[in-house]
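Novice: final15.txt (compact mmCIF, C-alpha atoms and all ligand atoms) pasted underneath:
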# COMPACT_ATOMS: atom_id res chain seq x y z
CA MET A 673 25.87 -30.32 50.45
CA LYS A 674 29.59 -30.53 51.20
CA ILE A 675 31.46 -28.39 48.73
CA LEU A 676 35.16 -27.65 48.17
CA VAL A 677 36.01 -24.44 46.31
CA THR A 678 39.43 -23.68 44.81
CA GLY A 679 40.05 -20.03 43.98
CA ALA A 680 37.69 -19.15 46.85
CA THR A 681 39.66 -15.97 47.65
CA GLY A 682 39.36 -14.64 44.09
CA PHE A 683 36.79 -12.27 42.61
CA LEU A 684 34.35 -14.96 41.47
CA GLY A 685 35.17 -17.29 44.38
CA THR A 686 34.28 -14.67 47.00
CA HIS A 687 30.86 -14.04 45.44
CA LEU A 688 30.19 -17.73 44.84
CA CYS A 689 31.08 -18.74 48.41
CA LYS A 690 28.86 -16.01 49.85
CA GLN A 691 25.88 -17.39 47.91
CA LEU A 692 26.65 -21.05 48.65
CA GLU A 693 26.93 -20.25 52.37
CA ALA A 694 23.67 -18.30 52.24
CA ASP A 695 22.09 -21.40 50.67
CA GLY A 696 23.21 -23.43 53.71
CA HIS A 697 26.04 -25.52 52.23
CA ALA A 698 29.13 -26.61 54.18
CA LEU A 699 32.17 -25.18 52.44
CA VAL A 700 35.91 -25.69 52.38
CA LYS A 701 37.23 -22.47 50.84
CA LEU A 702 40.76 -22.57 49.44
CA GLY A 703 43.07 -19.80 48.32
CA SER A 704 46.73 -20.28 47.45
CA ARG A 705 47.72 -19.82 51.11
CA ASP A 706 45.47 -22.69 52.19
CA ALA A 707 46.65 -24.99 49.41
CA ASP A 708 49.30 -24.02 46.85
CA LEU A 709 47.92 -26.11 44.00
CA THR A 710 51.23 -26.03 42.10
CA ARG A 711 52.34 -28.56 44.74
CA ALA A 712 51.34 -32.18 44.13
CA ASP A 713 50.44 -32.84 47.78
CA SER A 714 48.57 -29.59 48.44
CA LEU A 715 45.12 -31.22 48.63
CA THR A 716 46.16 -34.17 50.81
CA PRO A 717 44.91 -32.47 54.02
CA PHE A 718 41.40 -32.51 52.49
CA ASN A 719 41.33 -36.26 51.74
CA GLY A 720 39.34 -37.13 54.87
CA GLU A 721 36.05 -35.52 53.82
CA LYS A 722 33.85 -36.65 50.92
CA TYR A 723 32.55 -33.73 48.85
CA ASP A 724 29.42 -33.58 46.71
CA LEU A 725 30.76 -30.79 44.54
CA ILE A 726 34.16 -29.33 43.74
CA TYR A 727 34.13 -25.84 42.26
CA HIS A 728 37.53 -25.43 40.62
CA LEU A 729 38.04 -21.69 40.06
CA ALA A 730 41.76 -21.33 40.82
CA ALA A 731 43.86 -20.00 37.94
CA TRP A 732 46.94 -17.85 37.62
CA THR A 733 46.33 -14.94 35.27
CA GLN A 734 45.58 -11.24 34.99
CA ALA A 735 43.86 -9.08 32.38
CA GLY A 736 45.18 -6.50 29.87
CA ASP A 737 48.44 -7.48 28.20
CA PHE A 738 49.53 -9.75 31.09
CA CYS A 739 49.26 -12.93 28.99
CA LEU A 740 51.64 -11.44 26.38
CA TYR A 741 54.47 -11.23 28.91
CA HIS A 742 53.84 -14.30 31.09
CA ALA A 743 53.30 -17.10 28.59
CA GLY A 744 55.83 -19.48 30.15
CA GLU A 745 54.76 -18.93 33.75
CA GLN A 746 51.12 -19.28 32.78
CA TRP A 747 51.79 -22.61 31.10
CA LEU A 748 53.78 -23.99 34.01
CA ILE A 749 51.58 -22.73 36.83
CA ASN A 750 48.16 -23.39 35.31
CA GLN A 751 49.12 -26.83 34.00
CA LEU A 752 50.31 -27.77 37.48
CA ILE A 753 47.22 -26.36 39.22
CA ASN A 754 44.79 -28.12 36.86
CA THR A 755 46.69 -31.41 36.80
CA HIS A 756 46.83 -31.60 40.59
CA VAL A 757 43.16 -30.76 41.01
CA VAL A 758 42.02 -33.31 38.40
CA GLN A 759 44.38 -35.93 39.82
CA TRP A 760 43.07 -35.39 43.38
CA TRP A 761 39.46 -35.46 42.17
CA HIS A 762 40.04 -38.80 40.45
CA ALA A 763 42.06 -40.38 43.26
CA GLN A 764 40.20 -39.05 46.32
CA GLN A 765 36.83 -37.60 45.32
CA PRO A 766 35.44 -39.52 42.35
CA GLN A 767 31.89 -39.20 43.74
CA ALA A 768 32.08 -35.39 43.47
CA LYS A 769 30.93 -33.46 40.46
CA MET A 770 33.54 -30.96 39.26
CA ILE A 771 32.40 -27.49 38.17
CA ALA A 772 35.35 -25.84 36.43
CA MET A 773 36.01 -22.57 34.66
CA GLY A 774 37.02 -22.24 31.04
CA SER A 775 37.58 -18.96 29.22
CA SER A 776 36.36 -17.20 26.10
CA CYS A 777 40.10 -16.82 25.32
CA CYS A 778 40.00 -20.48 24.19
CA TYR A 779 37.99 -19.55 21.10
CA PRO A 780 39.83 -18.51 17.94
CA ASP A 781 38.96 -14.99 16.78
CA HIS A 782 37.76 -16.08 13.33
CA LEU A 783 35.11 -18.54 14.57
CA GLU A 784 31.86 -17.92 16.39
CA ARG A 785 32.31 -18.35 20.14
CA ARG A 786 29.93 -21.28 20.42
CA GLU A 787 30.65 -24.43 22.42
CA GLU A 788 31.28 -26.73 19.45
CA ASN A 789 34.19 -24.47 18.44
CA PHE A 790 35.90 -24.67 21.84
CA LEU A 791 38.65 -27.01 20.60
CA ARG A 792 38.71 -25.83 16.96
CA ASP A 793 41.83 -24.19 15.49
CA THR A 794 44.10 -22.22 17.83
CA PRO A 795 43.22 -19.42 20.26
CA THR A 796 44.37 -15.93 19.30
CA GLU A 797 48.19 -15.77 19.49
CA THR A 798 48.38 -13.25 22.34
CA LEU A 799 46.25 -15.52 24.56
CA LEU A 800 47.57 -18.84 23.29
CA THR A 801 49.03 -20.21 26.54
CA TYR A 802 46.13 -19.23 28.77
CA GLY A 803 43.60 -20.51 26.23
CA MET A 804 45.43 -23.78 25.73
CA THR A 805 45.74 -24.52 29.45
CA LYS A 806 41.97 -24.08 29.74
CA ARG A 807 41.50 -26.41 26.77
CA MET A 808 43.73 -28.96 28.52
CA LEU A 809 41.62 -28.61 31.66
CA TYR A 810 38.55 -29.45 29.59
CA THR A 811 40.41 -32.39 28.02
CA GLY A 812 41.24 -33.66 31.52
CA LEU A 813 37.60 -33.43 32.62
CA GLU A 814 36.40 -35.18 29.50
CA ALA A 815 39.12 -37.87 29.81
CA MET A 816 37.98 -38.62 33.38
CA ARG A 817 34.39 -38.91 32.19
CA MET A 818 35.33 -41.18 29.28
CA GLN A 819 37.42 -43.65 31.25
CA TYR A 820 35.95 -43.44 34.76
CA GLY A 821 32.50 -41.93 34.42
CA HIS A 822 33.26 -38.87 36.59
CA ARG A 823 30.84 -35.96 36.19
CA TYR A 824 31.74 -32.36 35.37
CA LEU A 825 30.51 -29.06 33.99
CA LEU A 826 32.75 -26.50 32.29
CA LEU A 827 31.49 -22.91 32.22
CA ILE A 828 32.77 -20.22 29.86
CA PRO A 829 32.04 -16.71 31.13
CA SER A 830 32.14 -13.44 29.30
CA THR A 831 33.99 -10.81 31.35
CA LEU A 832 32.71 -10.79 34.93
CA TYR A 833 32.02 -7.48 36.66
CA GLY A 834 30.52 -6.36 39.95
CA PRO A 835 31.62 -5.01 43.33
CA ASP A 836 34.58 -6.22 45.42
CA TYR A 837 37.17 -6.64 42.68
CA HIS A 838 40.91 -6.64 43.43
CA LEU A 839 42.59 -3.35 44.32
CA ASP A 840 46.10 -4.77 44.72
CA GLY A 841 47.73 -3.18 41.70
CA ARG A 842 47.21 -6.11 39.35
CA GLN A 843 46.14 -5.61 35.71
CA MET A 844 42.37 -5.26 35.87
CA HIS A 845 39.70 -6.42 33.46
CA PHE A 846 38.82 -3.52 31.16
CA ILE A 847 35.62 -2.52 32.94
CA PHE A 848 37.30 -2.06 36.34
CA ASP A 849 40.10 -0.13 34.65
CA LEU A 850 37.53 2.20 33.04
CA VAL A 851 35.72 2.77 36.34
CA ARG A 852 39.00 3.33 38.18
CA LYS A 853 40.38 5.84 35.67
CA ILE A 854 37.15 7.81 35.21
CA VAL A 855 36.21 7.94 38.92
CA ASP A 856 39.78 8.91 39.88
CA ALA A 857 39.75 11.68 37.24
CA ARG A 858 36.37 12.90 38.49
CA TYR A 859 37.89 13.29 41.97
CA GLY A 860 40.99 15.15 40.78
CA GLY A 861 43.17 12.32 39.48
CA PRO A 862 45.09 12.28 36.20
CA GLU A 863 43.42 12.65 32.79
CA VAL A 864 41.81 9.50 31.41
CA ALA A 865 43.77 7.70 28.70
CA LEU A 866 42.17 4.56 27.26
CA TRP A 867 43.81 1.89 25.11
CA GLY A 868 42.70 1.78 21.46
CA ASP A 869 40.17 3.97 19.66
CA GLY A 870 37.25 2.77 21.79
CA SER A 871 35.50 0.91 18.98
CA GLN A 872 36.37 -2.62 20.20
CA THR A 873 33.36 -4.35 21.75
CA ARG A 874 33.14 -6.49 24.88
CA GLU A 875 30.41 -8.48 26.62
CA LEU A 876 29.99 -8.34 30.39
CA ILE A 877 28.13 -10.51 32.86
CA HIS A 878 27.41 -9.35 36.39
CA VAL A 879 29.07 -11.67 38.89
CA THR A 880 25.80 -12.13 40.81
CA ASP A 881 23.99 -13.27 37.65
CA PHE A 882 26.89 -15.57 36.86
CA VAL A 883 26.88 -17.13 40.33
CA ASN A 884 23.11 -17.71 40.24
CA ALA A 885 23.32 -19.39 36.84
CA MET A 886 26.40 -21.36 37.86
CA ILE A 887 24.61 -22.85 40.87
CA TYR A 888 21.51 -23.59 38.80
CA LEU A 889 23.50 -25.35 36.06
CA ALA A 890 25.71 -27.22 38.55
CA ASP A 891 22.54 -28.90 39.81
CA ARG A 892 21.17 -29.84 36.42
CA VAL A 893 23.75 -30.19 33.65
CA ASP A 894 26.39 -32.92 33.39
CA ASN A 895 29.42 -33.33 31.15
CA GLN A 896 29.03 -30.27 28.98
CA ILE A 897 30.66 -26.98 28.12
CA VAL A 898 28.26 -24.06 28.53
CA ASN A 899 28.85 -20.44 27.52
CA LEU A 900 27.52 -18.14 30.22
CA GLY A 901 27.16 -14.55 29.10
CA SER A 902 24.57 -11.80 29.03
CA GLN A 903 24.39 -10.70 25.39
CA GLU A 904 25.10 -7.19 26.72
CA ASN A 905 27.76 -6.32 24.18
CA TYR A 906 28.92 -2.71 23.80
CA SER A 907 31.94 -0.75 22.60
CA ILE A 908 34.58 0.47 25.05
CA ARG A 909 33.56 4.01 24.10
CA TRP A 910 29.95 3.24 25.09
CA TYR A 911 31.07 1.85 28.45
CA ALA A 912 33.33 4.86 29.02
CA GLU A 913 30.60 7.38 28.16
CA THR A 914 28.06 5.56 30.34
CA ILE A 915 30.45 5.61 33.30
CA CYS A 916 31.14 9.33 32.64
CA ASP A 917 27.40 9.95 32.70
CA LEU A 918 27.01 8.03 35.98
CA VAL A 919 29.88 9.79 37.76
CA GLY A 920 29.54 13.26 36.23
CA TYR A 921 32.75 13.45 34.16
CA ASP A 922 33.03 15.04 30.71
CA PRO A 923 33.64 12.24 28.14
CA ALA A 924 35.30 14.76 25.80
CA LEU A 925 38.24 14.83 28.24
CA ILE A 926 39.05 11.15 27.55
CA ARG A 927 42.11 10.54 25.37
CA TYR A 928 42.14 7.38 23.24
CA ASP A 929 45.66 5.97 22.79
CA THR A 930 45.69 4.00 19.56
CA THR A 931 49.30 2.86 20.07
CA ARG A 932 48.37 0.52 22.97
CA TYR A 933 47.42 -3.16 22.99
CA VAL A 934 43.66 -3.69 22.65
CA GLY A 935 43.32 -7.42 22.00
CA THR A 936 40.46 -8.86 20.00
CA LYS A 937 38.26 -6.40 18.08
CA ASP A 938 34.93 -7.91 19.17
CA LYS A 939 34.36 -10.50 21.85
CA PHE A 940 30.99 -11.99 22.68
CA LEU A 941 29.67 -15.49 23.32
CA VAL A 942 26.95 -17.31 21.39
CA LEU A 943 24.36 -18.23 24.03
CA ASP A 944 22.00 -20.61 22.18
CA LYS A 945 22.81 -23.50 24.53
CA LEU A 946 22.35 -21.42 27.69
CA LYS A 947 18.97 -20.19 26.45
CA LYS A 948 17.81 -23.80 26.02
CA LEU A 949 19.16 -24.89 29.41
CA MET A 950 17.93 -21.81 31.28
CA PRO A 951 15.13 -20.15 29.31
CA THR A 952 14.23 -17.91 32.25
CA PHE A 953 17.75 -16.51 32.74
CA ARG A 954 17.63 -12.71 33.14
CA VAL A 955 20.60 -10.44 33.69
CA THR A 956 21.20 -7.21 35.59
CA ASP A 957 20.78 -4.06 33.51
CA VAL A 958 24.30 -2.88 32.59
CA ARG A 959 23.80 0.67 33.86
CA GLU A 960 22.67 -0.71 37.22
CA GLY A 961 25.60 -3.13 37.28
CA LEU A 962 28.02 -0.30 36.52
CA GLU A 963 26.51 1.74 39.34
CA ASP A 964 27.30 -1.21 41.67
CA VAL A 965 30.94 -1.14 40.60
CA ILE A 966 31.18 2.66 40.87
CA THR A 967 29.62 2.68 44.34
CA TRP A 968 32.01 -0.02 45.54
CA TYR A 969 35.05 1.72 44.02
CA LYS A 970 34.18 5.16 45.46
CA HIS A 971 33.64 3.60 48.87
CA ALA A 972 36.91 1.62 48.69
CA ARG A 973 38.83 4.80 47.77
CA GLY A 974 37.03 6.96 50.32
CA TYR A 975 35.64 9.39 47.70
CA LYS A 976 32.71 11.47 48.96
CA ASP A 977 30.24 13.45 46.80
N1 LIG B 1 37.03 -12.79 35.94
C1 LIG B 1 36.69 -13.06 34.69
O1 LIG B 1 36.14 -12.19 33.98
C2 LIG B 1 36.96 -14.41 34.11
C3 LIG B 1 36.76 -14.59 32.72
C4 LIG B 1 37.02 -15.85 32.20
C5 LIG B 1 37.40 -16.91 32.99
N2 LIG B 1 37.58 -16.70 34.33
C6 LIG B 1 38.00 -17.83 35.15
O2 LIG B 1 37.23 -17.85 36.34
C7 LIG B 1 38.04 -18.29 37.43
C8 LIG B 1 37.96 -17.28 38.56
O3 LIG B 1 38.39 -16.01 38.06
P1 LIG B 1 38.62 -14.78 39.05
O4 LIG B 1 38.42 -13.55 38.25
O5 LIG B 1 37.86 -14.98 40.30
O6 LIG B 1 40.18 -14.95 39.34
P2 LIG B 1 41.05 -14.27 40.51
O7 LIG B 1 40.27 -13.22 41.18
O8 LIG B 1 42.37 -13.94 39.89
O9 LIG B 1 41.25 -15.46 41.56
C9 LIG B 1 42.14 -16.49 41.30
C10 LIG B 1 42.06 -17.48 42.41
O10 LIG B 1 43.00 -18.54 42.14
C11 LIG B 1 43.81 -18.72 43.27
N3 LIG B 1 45.14 -19.22 42.90
C12 LIG B 1 46.05 -18.64 42.08
N4 LIG B 1 47.19 -19.37 42.08
C13 LIG B 1 46.98 -20.42 42.92
C14 LIG B 1 47.77 -21.49 43.37
N5 LIG B 1 49.04 -21.66 42.95
N6 LIG B 1 47.26 -22.37 44.26
C15 LIG B 1 45.98 -22.22 44.70
N7 LIG B 1 45.18 -21.23 44.33
C16 LIG B 1 45.67 -20.32 43.44
C17 LIG B 1 43.90 -17.35 43.93
O11 LIG B 1 44.31 -17.51 45.29
P3 LIG B 1 45.02 -16.27 46.09
O12 LIG B 1 43.91 -15.28 46.36
O13 LIG B 1 45.56 -16.89 47.31
O14 LIG B 1 46.05 -15.72 45.15
C18 LIG B 1 42.46 -16.89 43.78
O15 LIG B 1 41.65 -17.44 44.79
C19 LIG B 1 39.44 -18.52 36.87
O16 LIG B 1 39.59 -19.88 36.56
C20 LIG B 1 39.44 -17.69 35.60
O17 LIG B 1 40.32 -18.24 34.63
C21 LIG B 1 37.36 -15.47 34.91
Have the structure of the file written as structure tokens, please.
Specialist:
Amino acid sequence: MKILVTGATGFLGTHLCKQLEADGHALVKLGSRDADLTRADSLTPFNGEKYDLIYHLAAWTQAGDFCLYHAGEQWLINQLINTHVVQWWHAQQPQAKMIAMGSSCCYPDHLERREENFLRDTPTETLLTYGMTKRMLYTGLEAMRMQYGHRYLLLIPSTLYGPDYHLDGRQMHFIFDLVRKIVDARYGGPEVALWGDGSQTRELIHVTDFVNAMIYLADRVDNQIVNLGSQENYSIRWYAETICDLVGYDPALIRYDTTRYVGTKDKFLVLDKLKKLMPTFRVTDVREGLEDVITWYKHARGYKD
């Protein structure tokens, strides 16, 4: 198939493109340097080809408390990116199916994170802009289906983890931050200080599992939102202690800083729909997945045992 991927230079995009190429597809891989999607004409150079699929992964965000301090920029940039991609899809590539990324940040904290609640009430205040731009992306996809019959799939991941994450100083998703701090401390870096008391829970999905399921669902499911998680849901303290065990660092040396921002207390997706669509879906064991991340990070930093 001919496939165009936005966000191809990102964490998920890199893993997705590797798999799609291994499967023999012809890809156009776009990062912001290839096409700055905040510009209305950025996709014009790609008008000539007809694509079977468009994977729209591009988004402007970071983890931690980034959303708290960049609400305005996030609204402007993500609204522009999504509007231009949906507009180009409709005008130039209506035959293509669009596979786009939502976020669990769209769900309000007080409701179960199941697909029928995606547009209910408002996302948690600290993630309002990011969550609402993802809801608007979904609204755009659904609007194009309603009026023009275009086909889409919107996937909602729990936090993705795996090797080859960013090491460019950006705010990392919690699991990379834990690995970074604990591995650095193990090799002589500063003491580990974690945000909150460690009791907040988070669900992870290994990026390889996500990519496999994404490709499977892209082939089979039209015009739906699908939560894509692993049901591996543990406390930050559990993740920290497991990483300590894997790298040989004393967990008693970790300091929990209860004055810092921790976000939602518990965050996991309801996966009833996924189980019906993909009854055979199996995920990587979390300890093994964490070993992948640790091995990558130690290698990237040049740490030797
Ligand atoms: N990672 C997660 O756990 C997670 C969880 C929920 C949802 N998601 C969603 O999944 C998607 C992929 O996430 P990710 O973790 O792979 O993100 P990422 O690593 O931050 O990658 C973002 C991608 O978007 C591109 N981009 C940013 N601004 C752009 C612009 N103005 N024009 C064109 N491209 C632009 C980046 O290009 P450059 O490399 O050139 O900057 C990069 O390729 C996103 O839509 C995200 O919201 C991810």
Novice: Using all atoms listed in the file, determine which residues fall within 8 Å of ligand LIG 1 (chain B), then list them as an NGL selection string.
Specialist: :A and (678-686 or 702-711 or 728-734 or 749-750 or 753 or 772-777 or 806 or 828-833 or 837-838 or 845)
Novice: Mind pulling up the distance from CA of Tyr859 (chain A) to CA of Asp840 (chain A)?
Specialist: 20.0 Å
Novice: Considering only C-alpha atoms, return as a PyMOL selection string whatever protein or nucleic-acid residues lie within 10 Å of Leu740 (chain A), sequence-local ones (same chain, fewer than 2 positions apart) excluded.
Specialist: chain A and resi 736-738+742-744+797-802+933
Novice: Go through A:Asp894, A:Asp929, A:Asp869, A:Asp781 one by one, measure the shortest atom-to-atom distance of each to Ile908 (chain A) using all atoms listed in the file, and give the residue with the smallest value.
Specialist: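 Of all the options, A:Asp869 lies closest to Ile908 (chain A).
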Novice: Which is closest to Ile915 (chain A) among A:Thr967, A:Thr952, A:Asn895, A:Ser871, if we use only C-alpha atoms?
Specialist: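 Among the listed residues, A:Thr967 lies closest to Ile915 (chain A).
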Novice: Which residues are close to Gly868 (chain A), i.e. within 12 Å by all atoms listed in the file, leaving aside same-chain residues fewer than 4 positions away? Reply as a PyMOL selection string.
Specialist: chain A and resi 846+872-873+907-909+926-937
Novice: Which value, in Å to one decimal, gives the distance between CA of Leu813 (chain A) and CA of His687 (chain A)?
Specialist: 24.2 Å
Novice: Select, from A:Asp713, A:Asp891, A:Asp849, A:Asp695, the residue with the minimum atom-to-atom distance to Thr755 (chain A), counting all atoms listed in the file.
Specialist: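 For Thr755 (chain A), the nearest of the given residues is A:Asp713.
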Novice: Using only C-alpha atoms, which of the listed residues (A:Val898, A:Leu876, A:Leu889, A:Leu949) sits closest to Phe790 (chain A)?
Specialist: A:Val898
Novice: Pick the closest to Gly870 (chain A) from A:Lys674, A:Asp938, A:Ala972, A:His782: which is it, counting all atoms listed in the file?
Specialist: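 Looking only at the distances to Gly870 (chain A), the closest residue turns out to be A:Asp938.
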Novice: Measure the distance from CA of Cys916 (chain A) to CA of His878 (chain A) in Å and round it to one decimal.
Specialist: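 Computed distance, CA of Cys916 (chain A) to CA of His878 (chain A), equals 19.4 Å.
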Novice: Which polymer residues have any atom within 10 Å of an atom of Val700 (chain A), counting all atoms listed in the file, with same-chain residues fewer than 4 positions away left out, as a PyMOL selection string?
Specialist: chain A and resi 674-678+680+689+718+721+723+726
Novice: Write the residues you've just listed into a file as a tab-separated table (two decimals), keeping the file's coordinate frame, and include C-alpha atoms for each of them.
Specialist:
chain	number	residue	atom	x	y	z
A	674	LYS	CA	29.59	-30.53	51.20
A	675	ILE	CA	31.46	-28.39	48.73
A	676	LEU	CA	35.16	-27.65	48.17
A	677	VAL	CA	36.01	-24.44	46.31
A	678	THR	CA	39.43	-23.68	44.81
A	680	ALA	CA	37.69	-19.15	46.85
A	689	CYS	CA	31.08	-18.74	48.41
A	718	PHE	CA	41.40	-32.51	52.49
A	721	GLU	CA	36.05	-35.52	53.82
A	723	TYR	CA	32.55	-33.73	48.85
A	726	ILE	CA	34.16	-29.33	43.74
Novice: So which residues fall inside 9 Å of (24.5, 5.3, 35.2) if we count all atoms listed in the file? Mind giving them as a ChimeraX atom specification?
Specialist: /A:914-919,958-963
Novice: List as a PyMOL selection string the protein and nucleic acid residues near Leu839 (chain A), meaning an atom at most 10 Å away when all atoms listed in the file are counted, but skip any in the same chain fewer than 2 places from it.
Specialist: chain A and resi 836-837+841-844+848+852+969+972-973
Novice: Please return, as JSON, numbers by chain, all polymer residues that have at least one atom within 8 Å of the point (38.7, 14.2, 30.9); use all atoms listed in the file and the file's own coordinate frame.
Specialist: {"A": [854, 857, 863, 864, 921, 922, 923, 924, 925, 926, 927]}
